[in-house]
>>> print(open('input_15.txt').read())   # compact mmCIF, C-alpha atoms
# COMPACT_ATOMS: atom_id res chain seq x y z
CA MET A 1120 -92.93 -42.91 29.02
CA ASP A 1121 -93.30 -39.12 29.06
CA ASN A 1122 -90.89 -38.85 26.15
CA ILE A 1123 -92.84 -41.42 24.15
CA LYS A 1124 -96.08 -39.62 24.91
CA ASN A 1125 -94.59 -36.30 23.79
CA ASP A 1126 -93.24 -37.88 20.61
CA LYS A 1127 -96.71 -39.23 19.76
CA GLN A 1128 -98.29 -35.83 20.43
CA GLN A 1129 -95.78 -34.15 18.13
CA LEU A 1130 -96.45 -36.76 15.47
CA GLU A 1131 -100.20 -36.13 15.72
CA ARG A 1132 -99.65 -32.38 15.26
CA LYS A 1133 -97.49 -32.98 12.19
CA LEU A 1134 -100.04 -35.31 10.62
CA LYS A 1135 -103.10 -33.29 11.57
CA PRO A 1136 -104.17 -32.78 7.89
CA ALA A 1137 -104.33 -36.54 7.43
CA GLY A 1138 -107.86 -36.54 8.85
CA ALA A 1139 -109.05 -40.14 8.67
CA TYR A 1140 -105.67 -41.51 9.75
CA ILE A 1141 -105.47 -39.60 13.08
CA ASP A 1142 -107.47 -42.24 14.96
CA SER A 1143 -104.90 -44.94 14.17
CA LEU A 1144 -101.70 -43.04 15.06
CA SER A 1145 -101.18 -45.13 18.19
CA ASP A 1146 -101.30 -48.36 16.20
CA PHE A 1147 -99.03 -46.76 13.60
CA ALA A 1148 -96.43 -45.89 16.23
CA ASP A 1149 -96.57 -49.44 17.57
CA LEU A 1150 -96.05 -50.75 14.08
CA LEU A 1151 -92.96 -48.57 13.63
CA GLY A 1152 -91.55 -49.98 16.86
CA THR A 1153 -92.19 -53.54 15.66
CA ILE A 1154 -90.45 -52.83 12.36
CA LYS A 1155 -87.43 -51.40 14.21
CA GLN A 1156 -87.22 -54.52 16.37
CA ALA A 1157 -87.38 -56.72 13.28
CA GLU A 1158 -84.56 -54.75 11.66
CA ASN A 1159 -82.35 -55.11 14.74
CA ALA A 1160 -83.06 -58.86 14.92
CA ALA A 1161 -82.18 -59.23 11.22
CA LYS A 1162 -78.88 -57.38 11.72
CA GLU A 1163 -77.94 -59.64 14.64
CA LEU A 1164 -78.74 -62.76 12.61
CA LEU A 1165 -76.65 -61.53 9.66
CA GLU A 1166 -73.70 -60.80 11.98
CA GLU A 1167 -73.91 -64.27 13.55
CA THR A 1168 -74.12 -65.91 10.13
CA ALA A 1169 -71.10 -63.96 8.86
CA THR A 1170 -69.14 -65.04 11.93
CA ALA A 1171 -70.06 -68.69 11.33
CA GLN A 1172 -68.96 -68.45 7.69
CA ALA A 1173 -65.64 -66.89 8.68
CA ALA A 1174 -65.02 -69.77 11.06
CA THR A 1175 -65.25 -72.31 8.24
CA LYS A 1176 -62.75 -70.37 6.06
CA PRO A 1177 -59.47 -69.75 7.94
CA ALA A 1178 -57.22 -66.93 6.78
CA LYS A 1179 -54.61 -67.71 4.14
CA GLY A 1180 -51.38 -69.05 5.62
CA GLU A 1181 -52.88 -69.46 9.07
CA PRO A 1182 -53.14 -72.97 10.55
CA THR A 1183 -56.63 -74.27 10.91
CA ALA A 1184 -56.09 -75.15 14.58
CA LYS A 1185 -55.46 -71.48 15.44
CA THR A 1186 -58.71 -70.30 13.94
CA PRO A 1187 -60.90 -68.87 16.72
CA ALA A 1188 -64.09 -70.74 17.37
CA ALA A 1189 -67.14 -69.16 15.76
CA LYS A 1190 -70.14 -68.14 17.79
CA ALA A 1191 -72.93 -70.62 17.09
CA PRO A 1192 -76.01 -68.76 15.92
CA ASP A 1193 -78.39 -71.44 17.16
CA ALA A 1194 -78.30 -75.01 18.31
CA LYS A 1195 -81.04 -76.00 15.85
CA ALA A 1196 -78.99 -76.12 12.67
CA PRO A 1197 -75.52 -74.87 11.62
CA ALA A 1198 -75.62 -71.95 9.22
CA ALA A 1199 -72.43 -72.74 7.32
CA PRO A 1200 -73.59 -75.94 5.56
CA GLU A 1201 -76.84 -74.25 4.49
CA ASP A 1202 -74.96 -71.31 3.04
CA SER A 1203 -72.54 -73.68 1.31
CA GLU A 1204 -75.46 -75.48 -0.33
CA ALA A 1205 -76.90 -72.16 -1.38
CA GLU A 1206 -73.62 -71.23 -3.06
CA GLU A 1207 -73.58 -74.55 -4.92
CA SER A 1208 -77.18 -73.99 -5.97
CA ARG A 1209 -76.31 -70.55 -7.32
CA ASP A 1210 -73.37 -71.98 -9.24
CA ASP A 1211 -75.62 -74.67 -10.73
CA SER A 1212 -78.20 -72.07 -11.73
CA LYS A 1213 -75.52 -70.03 -13.51
CA GLN A 1214 -74.48 -73.10 -15.50
CA ALA A 1215 -78.11 -73.83 -16.36
CA GLU A 1216 -78.55 -70.28 -17.65
CA ALA A 1217 -75.54 -70.51 -19.92
CA PRO A 1218 -76.51 -70.21 -23.62
CA SER A 1219 -74.35 -73.20 -24.51
CA SER A 1220 -76.70 -75.65 -22.78
CA PRO A 1221 -78.87 -77.34 -25.46
CA ASP A 1222 -80.59 -79.57 -22.91
CA ALA A 1223 -81.95 -76.58 -21.01
CA GLN A 1224 -83.19 -75.03 -24.23
CA THR A 1225 -84.99 -78.26 -25.13
CA GLU A 1226 -86.69 -78.46 -21.72
CA GLU A 1227 -87.94 -74.86 -21.97
CA LYS A 1228 -89.11 -75.23 -25.54
CA ALA A 1229 -92.57 -73.69 -25.93
CA PRO A 1230 -95.42 -75.74 -27.46
CA THR A 1231 -95.88 -75.42 -31.21
CA VAL A 1232 -98.91 -73.98 -32.98
CA GLU A 1233 -100.02 -77.47 -33.96
CA GLU A 1234 -99.79 -78.73 -30.36
CA LEU A 1235 -101.77 -75.77 -29.07
CA LEU A 1236 -104.49 -76.15 -31.70
CA GLU A 1237 -104.74 -79.83 -30.79
CA LYS A 1238 -105.15 -78.77 -27.15
CA LEU A 1239 -107.92 -76.42 -28.23
CA ASP A 1240 -109.69 -79.20 -30.14
CA GLU A 1241 -109.65 -81.42 -27.04
CA LEU A 1242 -111.96 -79.01 -25.19
CA VAL A 1243 -115.56 -80.17 -24.88
CA GLY A 1244 -117.98 -78.29 -27.16
CA LEU A 1245 -117.13 -74.67 -28.12
CA ASP A 1246 -117.23 -75.48 -31.84
CA ASN A 1247 -117.87 -71.86 -32.86
CA ILE A 1248 -115.08 -70.62 -30.59
CA LYS A 1249 -112.60 -73.14 -31.97
CA GLN A 1250 -113.36 -72.09 -35.53
CA SER A 1251 -113.10 -68.39 -34.65
CA VAL A 1252 -109.73 -68.89 -32.97
CA LYS A 1253 -108.35 -70.84 -35.92
CA SER A 1254 -109.57 -68.20 -38.39
CA LEU A 1255 -107.99 -65.44 -36.29
CA ILE A 1256 -104.66 -67.29 -36.12
CA ASN A 1257 -104.69 -67.83 -39.88
CA TYR A 1258 -105.43 -64.15 -40.42
CA VAL A 1259 -102.52 -63.07 -38.23
CA LYS A 1260 -100.14 -65.52 -39.91
CA VAL A 1261 -101.04 -64.22 -43.38
CA ARG A 1262 -100.55 -60.63 -42.20
CA GLN A 1263 -97.02 -61.53 -41.14
CA LEU A 1264 -96.37 -63.13 -44.53
CA ARG A 1265 -97.50 -59.90 -46.21
CA VAL A 1266 -95.12 -57.94 -44.00
CA ASP A 1267 -92.27 -60.21 -45.08
CA GLU A 1268 -93.14 -59.41 -48.71
CA GLU A 1269 -93.35 -55.67 -47.90
CA LEU A 1270 -97.08 -55.59 -48.66
CA PRO A 1271 -99.42 -53.19 -46.83
CA ASN A 1272 -101.82 -54.43 -44.15
CA PRO A 1273 -104.98 -52.77 -42.86
CA PRO A 1274 -105.03 -51.79 -39.16
CA LEU A 1275 -105.67 -54.73 -36.84
CA SER A 1276 -106.89 -54.81 -33.25
CA LEU A 1277 -106.42 -58.10 -31.43
CA HIS A 1278 -108.23 -57.01 -28.28
CA MET A 1279 -111.30 -59.19 -27.69
CA VAL A 1280 -114.59 -59.40 -25.85
CA PHE A 1281 -115.55 -62.79 -24.39
CA MET A 1282 -119.27 -62.93 -23.68
CA GLY A 1283 -121.04 -65.77 -21.94
CA ASN A 1284 -122.14 -67.32 -18.68
CA PRO A 1285 -119.61 -68.54 -16.09
CA GLY A 1286 -118.05 -71.94 -16.56
CA THR A 1287 -118.07 -71.85 -20.38
CA GLY A 1288 -114.29 -72.02 -20.84
CA LYS A 1289 -113.47 -68.34 -21.35
CA THR A 1290 -110.33 -68.36 -19.20
CA THR A 1291 -109.13 -71.67 -20.68
CA VAL A 1292 -109.46 -70.37 -24.24
CA ALA A 1293 -107.72 -67.13 -23.29
CA ARG A 1294 -104.77 -69.11 -21.90
CA ILE A 1295 -104.45 -71.12 -25.11
CA LEU A 1296 -104.68 -67.93 -27.17
CA SER A 1297 -101.84 -66.33 -25.22
CA GLU A 1298 -99.59 -69.30 -26.02
CA LEU A 1299 -100.70 -69.34 -29.65
CA TYR A 1300 -99.84 -65.68 -30.09
CA ARG A 1301 -96.41 -66.30 -28.63
CA ALA A 1302 -95.91 -69.30 -30.91
CA ILE A 1303 -96.59 -67.23 -34.05
CA GLY A 1304 -94.55 -64.26 -32.83
CA VAL A 1305 -97.31 -61.77 -32.03
CA LEU A 1306 -96.50 -61.69 -28.30
CA SER A 1307 -93.01 -61.89 -26.79
CA LYS A 1308 -93.86 -63.90 -23.65
CA GLY A 1309 -97.37 -65.31 -23.90
CA GLN A 1310 -98.34 -65.17 -20.21
CA LEU A 1311 -101.96 -64.70 -19.12
CA ILE A 1312 -102.64 -62.27 -16.27
CA GLU A 1313 -106.12 -62.59 -14.76
CA VAL A 1314 -107.67 -59.67 -12.87
CA ASP A 1315 -111.11 -58.34 -11.95
CA ARG A 1316 -112.28 -54.98 -10.66
CA SER A 1317 -110.41 -55.43 -7.36
CA GLY A 1318 -107.16 -55.91 -9.28
CA LEU A 1319 -107.51 -52.55 -11.06
CA VAL A 1320 -109.48 -50.23 -8.79
CA ALA A 1321 -108.29 -48.78 -5.48
CA GLY A 1322 -110.30 -47.03 -2.79
CA PHE A 1323 -108.55 -43.66 -2.79
CA VAL A 1324 -108.00 -40.86 -5.28
CA GLY A 1325 -104.87 -41.32 -7.39
CA GLN A 1326 -104.27 -44.97 -6.49
CA THR A 1327 -106.42 -46.56 -9.20
CA ALA A 1328 -104.16 -45.35 -12.01
CA ILE A 1329 -101.13 -46.82 -10.20
CA LYS A 1330 -102.87 -50.14 -9.59
CA THR A 1331 -104.07 -50.41 -13.19
CA THR A 1332 -100.62 -49.52 -14.51
CA ASP A 1333 -99.03 -52.26 -12.39
CA ALA A 1334 -101.49 -54.83 -13.74
CA VAL A 1335 -100.76 -53.82 -17.33
CA LYS A 1336 -97.01 -53.92 -16.77
CA SER A 1337 -97.25 -57.48 -15.46
CA ALA A 1338 -99.14 -58.46 -18.63
CA LEU A 1339 -96.76 -56.87 -21.15
CA GLY A 1340 -95.73 -59.49 -23.66
CA GLY A 1341 -98.92 -61.45 -23.01
CA ILE A 1342 -102.66 -61.10 -22.41
CA LEU A 1343 -104.44 -59.15 -19.69
CA PHE A 1344 -107.71 -60.97 -18.96
CA ILE A 1345 -110.27 -58.80 -17.12
CA ASP A 1346 -113.12 -60.89 -15.75
CA GLU A 1347 -116.50 -59.23 -15.10
CA ALA A 1348 -115.13 -56.12 -16.80
CA TYR A 1349 -118.58 -54.47 -16.77
CA SER A 1350 -118.11 -53.83 -13.04
CA LEU A 1351 -115.63 -51.09 -13.98
CA ALA A 1352 -118.56 -48.97 -15.20
CA PRO A 1353 -121.51 -50.25 -13.15
CA GLU A 1354 -124.95 -48.70 -13.27
CA VAL A 1355 -125.12 -48.43 -9.49
CA PHE A 1356 -122.24 -45.97 -9.17
CA GLY A 1357 -122.11 -42.30 -10.06
CA GLY A 1358 -119.60 -40.29 -12.08
CA ASN A 1359 -117.00 -40.29 -9.29
CA ASP A 1360 -116.54 -44.05 -9.34
CA PHE A 1361 -112.86 -45.00 -9.61
CA GLY A 1362 -113.72 -47.68 -12.16
CA ARG A 1363 -113.94 -44.98 -14.81
CA GLU A 1364 -110.42 -43.89 -13.94
CA ALA A 1365 -109.28 -47.48 -14.45
CA ILE A 1366 -110.89 -47.53 -17.91
CA GLU A 1367 -109.21 -44.29 -18.99
CA THR A 1368 -105.83 -45.49 -17.71
CA LEU A 1369 -106.28 -48.85 -19.40
CA LEU A 1370 -107.14 -47.28 -22.77
CA LYS A 1371 -104.02 -45.12 -22.72
CA LEU A 1372 -101.77 -48.04 -21.78
CA MET A 1373 -103.33 -50.21 -24.49
CA GLU A 1374 -102.40 -47.56 -27.05
CA ASP A 1375 -98.89 -47.06 -25.68
CA ASN A 1376 -98.18 -50.84 -25.70
CA ARG A 1377 -100.26 -51.93 -28.69
CA ASP A 1378 -97.37 -53.92 -30.19
CA ASP A 1379 -96.91 -56.28 -27.24
CA LEU A 1380 -100.15 -56.36 -25.26
CA ILE A 1381 -103.57 -57.89 -25.83
CA VAL A 1382 -106.51 -57.21 -23.54
CA ILE A 1383 -109.51 -59.52 -23.23
CA VAL A 1384 -112.57 -58.32 -21.33
CA ALA A 1385 -115.05 -60.99 -20.25
CA GLY A 1386 -118.46 -61.26 -18.64
CA TYR A 1387 -122.18 -61.77 -19.14
CA GLY A 1388 -123.55 -60.82 -22.55
CA GLY A 1389 -125.92 -57.94 -21.76
CA PRO A 1390 -123.73 -56.13 -19.22
CA MET A 1391 -120.69 -56.49 -21.50
CA GLU A 1392 -122.53 -54.87 -24.41
CA ARG A 1393 -123.43 -51.89 -22.22
CA PHE A 1394 -119.89 -51.74 -20.90
CA ILE A 1395 -118.37 -51.50 -24.38
CA MET A 1396 -120.88 -48.86 -25.46
CA SER A 1397 -120.24 -46.78 -22.33
CA ASN A 1398 -116.98 -45.39 -23.73
CA PRO A 1399 -116.08 -44.56 -27.37
CA GLY A 1400 -112.51 -45.67 -26.70
CA LEU A 1401 -113.71 -49.14 -25.76
CA GLU A 1402 -115.87 -49.42 -28.88
CA SER A 1403 -112.97 -48.54 -31.17
CA ARG A 1404 -110.48 -50.93 -29.58
CA PHE A 1405 -112.68 -53.96 -28.86
CA ASN A 1406 -114.21 -55.08 -32.13
CA ARG A 1407 -113.79 -58.85 -31.91
CA TYR A 1408 -116.55 -60.66 -30.05
CA PHE A 1409 -116.45 -64.31 -29.00
CA ILE A 1410 -119.81 -65.70 -27.85
CA PHE A 1411 -119.50 -68.63 -25.44
CA GLU A 1412 -122.73 -70.60 -25.53
CA ASP A 1413 -124.00 -72.71 -22.64
CA TYR A 1414 -122.98 -76.37 -22.70
CA ASN A 1415 -125.82 -78.71 -23.60
CA SER A 1416 -126.67 -81.73 -21.44
CA ASP A 1417 -124.45 -84.16 -23.39
CA GLU A 1418 -121.48 -81.79 -23.14
CA LEU A 1419 -122.07 -81.33 -19.41
CA TYR A 1420 -122.02 -85.10 -18.97
CA SER A 1421 -118.80 -85.35 -21.03
CA ILE A 1422 -117.13 -82.80 -18.73
CA PHE A 1423 -118.36 -84.73 -15.68
CA ASP A 1424 -117.17 -88.05 -17.08
CA ALA A 1425 -113.73 -86.55 -17.77
CA MET A 1426 -113.49 -85.37 -14.16
CA CYS A 1427 -114.35 -88.86 -12.91
CA ARG A 1428 -111.84 -90.58 -15.16
CA LYS A 1429 -109.08 -88.11 -14.27
CA SER A 1430 -109.58 -88.85 -10.55
CA GLU A 1431 -110.08 -92.60 -11.20
CA TYR A 1432 -113.69 -92.81 -10.09
CA ILE A 1433 -115.80 -95.41 -11.89
CA LEU A 1434 -119.52 -94.80 -12.32
CA ALA A 1435 -121.88 -97.74 -11.97
CA GLU A 1436 -124.22 -98.13 -14.95
CA ASP A 1437 -127.28 -96.85 -13.10
CA ALA A 1438 -125.16 -94.01 -11.64
CA ALA A 1439 -124.15 -92.90 -15.14
CA GLU A 1440 -127.81 -93.01 -16.18
CA PHE A 1441 -128.76 -90.83 -13.22
CA ALA A 1442 -125.99 -88.35 -14.09
CA ARG A 1443 -127.26 -87.98 -17.66
CA GLY A 1444 -130.76 -87.34 -16.39
CA HIS A 1445 -129.49 -84.82 -13.85
CA PHE A 1446 -127.64 -82.77 -16.46
CA ARG A 1447 -130.59 -82.97 -18.82
CA GLU A 1448 -132.84 -81.57 -16.10
CA ILE A 1449 -130.60 -78.69 -15.07
CA TYR A 1450 -129.96 -77.73 -18.70
CA GLU A 1451 -133.64 -77.62 -19.58
CA ASN A 1452 -134.43 -75.56 -16.46
CA ARG A 1453 -131.30 -73.38 -16.44
CA GLU A 1454 -131.36 -69.73 -15.42
CA ASP A 1455 -129.96 -66.87 -17.48
CA ASN A 1456 -126.74 -66.99 -15.43
CA PHE A 1457 -126.36 -70.78 -15.57
CA GLY A 1458 -123.06 -72.02 -14.10
CA ASN A 1459 -122.23 -74.62 -16.80
CA ALA A 1460 -118.92 -76.35 -15.95
CA ARG A 1461 -118.92 -74.73 -12.51
CA HIS A 1462 -122.14 -76.59 -11.73
CA VAL A 1463 -120.49 -79.79 -12.93
CA ARG A 1464 -117.49 -79.14 -10.68
CA ASN A 1465 -119.71 -78.51 -7.65
CA PHE A 1466 -121.71 -81.65 -8.38
CA PHE A 1467 -118.55 -83.73 -8.72
CA GLU A 1468 -117.10 -82.40 -5.46
CA ASP A 1469 -120.34 -83.17 -3.61
CA ILE A 1470 -120.25 -86.72 -5.00
CA VAL A 1471 -116.69 -87.19 -3.76
CA SER A 1472 -117.74 -85.96 -0.32
CA VAL A 1473 -120.77 -88.28 -0.15
CA HIS A 1474 -118.68 -91.20 -1.42
CA SER A 1475 -116.08 -90.54 1.28
CA ASP A 1476 -118.75 -90.56 3.99
CA ARG A 1477 -120.09 -93.90 2.75
CA ILE A 1478 -116.64 -95.55 2.56
CA SER A 1479 -115.64 -94.24 6.00
CA ALA A 1480 -118.65 -95.99 7.53
CA LEU A 1481 -117.47 -99.39 6.26
CA GLU A 1482 -115.58 -101.70 8.59
CA GLY A 1483 -113.26 -102.69 5.78
CA HIS A 1484 -112.79 -101.57 2.17
CA THR A 1485 -111.32 -102.81 -1.09
CA ARG A 1486 -109.77 -100.93 -3.99
CA GLU A 1487 -113.07 -101.25 -5.84
CA ASP A 1488 -114.86 -99.55 -2.94
CA LEU A 1489 -112.50 -96.58 -3.26
CA THR A 1490 -113.09 -96.21 -6.99
CA ASN A 1491 -116.69 -97.28 -7.57
CA VAL A 1492 -119.38 -94.58 -7.36
CA LEU A 1493 -122.97 -95.73 -6.81
CA ARG A 1494 -126.27 -94.21 -7.83
CA GLU A 1495 -127.05 -93.42 -4.19
CA ASP A 1496 -123.92 -91.25 -4.03
CA LEU A 1497 -125.18 -89.16 -6.95
CA GLU A 1498 -128.69 -88.92 -5.53
CA LYS A 1499 -127.42 -87.56 -2.22
CA ALA A 1500 -125.05 -85.18 -4.00
CA ALA A 1501 -127.90 -83.87 -6.15
CA ASP A 1502 -129.95 -83.18 -3.00
CA LEU A 1503 -127.01 -81.32 -1.47
CA LEU A 1504 -126.66 -79.22 -4.60
CA ARG A 1505 -130.35 -78.33 -4.62
CA ARG A 1506 -130.14 -77.13 -1.02
CA GLU A 1507 -127.09 -75.03 -1.86
CA TYR A 1508 -129.06 -73.28 -4.60
CA ASP A 1509 -132.27 -73.05 -2.57
CA VAL A 1510 -132.55 -69.25 -2.15
CA PRO A 1511 -135.62 -66.99 -2.10
CA ASP A 1512 -137.04 -66.11 -5.49
CA GLU A 1513 -136.61 -62.45 -4.59
CA LEU A 1514 -132.83 -62.93 -4.75
CA MET A 1515 -132.74 -64.69 -8.13
CA PHE A 1516 -131.83 -61.86 -10.51
CA THR A 1517 -130.76 -62.29 -14.12
CA ASN A 1518 -128.84 -59.01 -14.35
CA PRO A 1519 -125.67 -59.35 -12.21
CA VAL A 1520 -124.94 -55.62 -12.38
CA LYS A 1521 -128.09 -54.86 -10.35
CA ASN A 1522 -127.69 -57.71 -7.90
CA ARG A 1523 -126.29 -55.71 -5.03
CA ILE A 1524 -128.84 -52.90 -5.03
CA GLU A 1525 -131.79 -55.20 -5.68
CA THR A 1526 -130.65 -57.52 -2.91
CA ALA A 1527 -130.24 -54.54 -0.55
CA ALA A 1528 -133.72 -53.30 -1.46
CA TRP A 1529 -135.20 -56.73 -0.71
CA ILE A 1530 -133.44 -56.85 2.67
CA VAL A 1531 -134.61 -53.34 3.55
CA GLU A 1532 -138.17 -54.27 2.65
CA GLU A 1533 -138.02 -57.31 4.92
CA ILE A 1534 -136.55 -55.33 7.81
CA SER A 1535 -138.99 -52.42 7.42
CA ARG A 1536 -141.90 -54.72 8.21
CA GLU A 1537 -140.69 -54.74 11.81
CA LEU A 1538 -139.97 -50.99 12.01
CA PRO A 1539 -142.25 -48.00 12.76
CA PHE A 1540 -141.28 -46.47 9.39
CA LYS A 1541 -141.08 -47.69 5.80
CA CYS A 1542 -137.87 -47.86 3.73
CA TYR A 1543 -137.83 -48.20 -0.04
CA VAL A 1544 -135.69 -47.49 -3.09
CA ALA A 1545 -136.82 -44.27 -4.79
CA GLU A 1546 -138.62 -45.08 -8.02
CA GLU A 1547 -137.12 -42.10 -9.80
CA TYR A 1548 -133.69 -43.66 -9.17
CA PRO A 1549 -134.32 -47.32 -10.02
CA THR A 1550 -130.61 -48.20 -10.29
CA SER A 1551 -129.36 -45.96 -7.51
CA ASP A 1552 -128.23 -47.12 -4.12
CA ARG A 1553 -130.03 -44.17 -2.47
CA LEU A 1554 -132.62 -45.38 -0.02
CA GLU A 1555 -135.45 -43.09 1.03
CA VAL A 1556 -137.40 -43.31 4.26
CA GLU A 1557 -141.11 -42.67 4.59
CA ARG A 1558 -141.93 -42.23 8.24
CA THR A 1559 -145.26 -43.37 9.60
CA PRO A 1560 -146.56 -42.15 12.95
CA LEU A 1561 -146.10 -44.45 15.90
CA PRO A 1562 -149.37 -45.82 17.29
CA SER A 1563 -150.70 -43.63 20.07
CA SER A 1564 -151.91 -44.88 23.38
CA SER A 1565 -155.52 -44.05 22.38
CA ASP A 1566 -155.17 -46.29 19.33
CA ASN A 1567 -154.03 -49.12 21.51
CA GLU A 1568 -157.04 -48.65 23.73
>>> encode(input="input_15.txt", output="structure tokens")
Amino acid sequence: MDNIKNDKQQLERKLKPAGAYIDSLSDFADLLGTIKQAENAAKELLEETATAQAATKPAKGEPTAKTPAAKAPDAKAPAAPEDSEAEESRDDSKQAEAPSSPDAQTEEKAPTVEELLEKLDELVGLDNIKQSVKSLINYVKVRQLRVDEELPNPPLSLHMVFMGNPGTGKTTVARILSELYRAIGVLSKGQLIEVDRSGLVAGFVGQTAIKTTDAVKSALGGILFIDEAYSLAPEVFGGNDFGREAIETLLKLMEDNRDDLIVIVAGYGGPMERFIMSNPGLESRFNRYFIFEDYNSDELYSIFDAMCRKSEYILAEDAAEFARGHFREIYENREDNFGNARHVRNFFEDIVSVHSDRISALEGHTREDLTNVLREDLEKAADLLRREYDVPDELMFTNPVKNRIETAAWIVEEISRELPFKCYVAEEYPTSDRLEVERTPLPSSSDNE
């Protein structure tokens, strides 16, 4: 024990400059011990497995009966058959990867441009987006034809800005675009990598560039989709925010990989406009804007009806009428950050939950009971949804960038009513997270008298 204690003390002296990590050295030492134990256990398991394999393969020319018995690694399951199956699986995979296998090539055949455009047309609404995508694809195809004829082409940037409320199909369209670009030869792979601020920004100096680079590398050959991209340059942070480092790293990587990488930044309209204008490099590279409008009430009902049919739920006639009225009401009274298809999804999931409660209370049920959805199910689900969205008016903000600081200010104001001093957000810093305190004298005993 004294040796261990001395070793820890020496380790603390060596790592003294680490500062914030000194408090957790004990846990760190314990972790190292756990890792060492895991390594030793792994070595023992590998040795036992190798012994078991050797037992099943006697030496050449030696009778099988003279082969020494292998040490059984565990009574649960023999290792040799599992390893044998693994070898067969590896052999099969090698045959499947052979270039002379036409069946494998047919199975992995990517969808055609026509199939992908048909998939795009099947989406509810989004008429302006569909037309914009088709025009962009036509433009890229003609550019390639001009290249084949050795004709010059003006510079082209395929990076895009998707602006709109949540639940308007931005991610779905981005996924179809990635496959379309692969189908026409613009991208080599066509994968879609989705990230947000947490996928690009780290909490320590020097780590954000590494994290952003890793995200871009995973998207090479496809599309990097950055949701709520405006959070990389938020109004509530100062100049030392690591989000700015992520932007600078991203811009450089976009330039270095411009032939096989497309970046789509997405978010609410207003914040996205300010985000693009916050950096000249963003303005020059993102010059294609796709505006995703809110779904109207008929489109919301179509999305809801598709969800029901896909899960084999059948709406009664009066239930369908109630659903149309519900979507008409929420559309006419929608907020600036209306949830669109996300609201539909939440409504549908609440209906399924209410329906399950009703069926579970029955003594017996038929197939029709399991599929039929009644008006009362929708009414209860609508009440549940209203309660979920029933929050104080003070917390209903239309600008998502300011949500955190405005919410914090509201909470501080509520708490300060019970304190002997007053807290408030300084007016000269309306978007800052700096809170100032105005102290008020405590009531004296004479005042109480």
>>> atom_distance(input="input_15.txt", atom1="CA of Thr1368 in chain A", atom2="CA of Phe1344 in chain A")
15.6 Å
>>> closest_residue(input="input_15.txt", among="A:Ala1365, A:Leu1497, A:Ala1460, A:Ile1433", to="Ala1328 in chain A", atoms="only C-alpha atoms")
A:Ala1365
>>> closest_residue(input="input_15.txt", among="A:Lys1429, A:Val1266, A:Gly1288, A:Val1280", to="Phe1394 in chain A", atoms="all atoms listed in the file")
A:Val1280
>>> closest_residue(input="input_15.txt", among="A:Asp1333, A:Glu1347, A:Asp1360, A:Asp1315", to="Leu1372 in chain A", atoms="all atoms listed in the file")
A:Asp1333
>>> residues_around(input="input_15.txt", residues="range 1257-1263 of chain A", least_positions_apart="2", cutoff="10 Å", atoms="all atoms listed in the file", output="mmCIF file with C-alpha atoms, in the coordinates of the input")
data_model
loop_
_atom_site.group_PDB
_atom_site.id
_atom_site.type_symbol
_atom_site.label_atom_id
_atom_site.label_comp_id
_atom_site.auth_asym_id
_atom_site.auth_seq_id
_atom_site.Cartn_x
_atom_site.Cartn_y
_atom_site.Cartn_z
ATOM 1 C CA SER A 1251 -113.100 -68.390 -34.650
ATOM 2 C CA VAL A 1252 -109.730 -68.890 -32.970
ATOM 3 C CA LYS A 1253 -108.350 -70.840 -35.920
ATOM 4 C CA SER A 1254 -109.570 -68.200 -38.390
ATOM 5 C CA LEU A 1255 -107.990 -65.440 -36.290
ATOM 6 C CA ARG A 1265 -97.500 -59.900 -46.210
ATOM 7 C CA VAL A 1266 -95.120 -57.940 -44.000
ATOM 8 C CA ASP A 1267 -92.270 -60.210 -45.080
ATOM 9 C CA GLU A 1268 -93.140 -59.410 -48.710
ATOM 10 C CA GLU A 1269 -93.350 -55.670 -47.900
ATOM 11 C CA LEU A 1270 -97.080 -55.590 -48.660
ATOM 12 C CA PRO A 1271 -99.420 -53.190 -46.830
ATOM 13 C CA ASN A 1272 -101.820 -54.430 -44.150
ATOM 14 C CA PRO A 1273 -104.980 -52.770 -42.860
ATOM 15 C CA LEU A 1275 -105.670 -54.730 -36.840
ATOM 16 C CA LEU A 1277 -106.420 -58.100 -31.430
ATOM 17 C CA TYR A 1300 -99.840 -65.680 -30.090
ATOM 18 C CA ILE A 1303 -96.590 -67.230 -34.050
ATOM 19 C CA GLY A 1304 -94.550 -64.260 -32.830
ATOM 20 C CA VAL A 1305 -97.310 -61.770 -32.030
#
>>> atom_distance(input="input_15.txt", atom1="CA of Ser1297 in chain A", atom2="CA of Glu1234 in chain A")
13.6 Å
>>> atom_distance(input="input_15.txt", atom1="CA of Tyr1420 in chain A", atom2="CA of Phe1446 in chain A")
6.6 Å
>>> residues_around(input="input_15.txt", residues="Leu1236 in chain A", least_positions_apart="5", cutoff="9 Å", atoms="only C-alpha atoms", output="mmCIF file with C-alpha atoms, in the coordinates of the input")
data_model
loop_
_atom_site.group_PDB
_atom_site.id
_atom_site.type_symbol
_atom_site.label_atom_id
_atom_site.label_comp_id
_atom_site.auth_asym_id
_atom_site.auth_seq_id
_atom_site.Cartn_x
_atom_site.Cartn_y
_atom_site.Cartn_z
ATOM 1 C CA THR A 1231 -95.880 -75.420 -31.210
ATOM 2 C CA GLU A 1241 -109.650 -81.420 -27.040
ATOM 3 C CA LYS A 1249 -112.600 -73.140 -31.970
ATOM 4 C CA LYS A 1253 -108.350 -70.840 -35.920
ATOM 5 C CA ILE A 1295 -104.450 -71.120 -25.110
ATOM 6 C CA LEU A 1299 -100.700 -69.340 -29.650
#
